[in-house]
Amino acid sequence: QCPPEIWSIICRLACLDGGFTGRSLSLVSRYIHHVSKPFKFQSVAVVGFKQMDGFASILETTPPELKNVQYLFM
């Protein structure tokens, strides 16, 4: 089994595509869900007002330590 530090690096590098990989990783297993959680919003792409409003709502309910949006494509 790979140590969590290695999984964190893998998840950080994989979650640069606009959000699809972050959402997909959270469905793989409970362990990967836990390890990839800090990178779920690392790179986000939103199209249109409806998605922007939905993303804003999600961020409002997300704990501060998980609100690490580094790349936001609108």
# chains A, B, ... in the order shown; residues from 1 in each chain; ligands from 1
call {"tool": "residues_around", "arguments": {"residues": "A:Leu66", "least_positions_apart": "2", "cutoff": "12 Å", "atoms": "only C-alpha atoms", "output": "list in words"}}
result
His34, Val35, Ser36, Lys37, Pro38, Phe39, Lys40, Phe41, Gln42, Ile58, Leu59, Glu60, Thr61, Thr62, Pro63, Pro64, Asn68, Val69 and Gln70 of chain A
call {"tool": "select_by_dssp", "arguments": {"residues": "chain A", "states": "strand (DSSP E)", "output": "list in words"}}
result
Ser43, Val44, Ala45, Tyr71, Leu72 and Phe73 of chain A
call {"tool": "atom_distance", "arguments": {"atom1": "atom CA of A:Gln51", "atom2": "atom CA of A:His33"}}
result
23.1 Å
call {"tool": "atom_distance", "arguments": {"atom1": "atom CA of A:Gly22", "atom2": "atom CA of A:Asp53"}}
result
19.5 Å
call {"tool": "atom_distance", "arguments": {"atom1": "atom CA of A:Ser26", "atom2": "atom CA of A:Lys67"}}
result
15.8 Å
call {"tool": "select_by_dssp", "arguments": {"residues": "chain A", "states": "alpha helix (DSSP H)", "output": "VMD selection string"}}
result
chain A and resid 4 to 14 20 to 25 30 to 36 48 to 61
call {"tool": "closest_residue", "arguments": {"among": "A:Ser24, A:Tyr31, A:Lys50, A:Ser43", "to": "A:Arg12", "atoms": "only C-alpha atoms"}}
result
A:Ser43
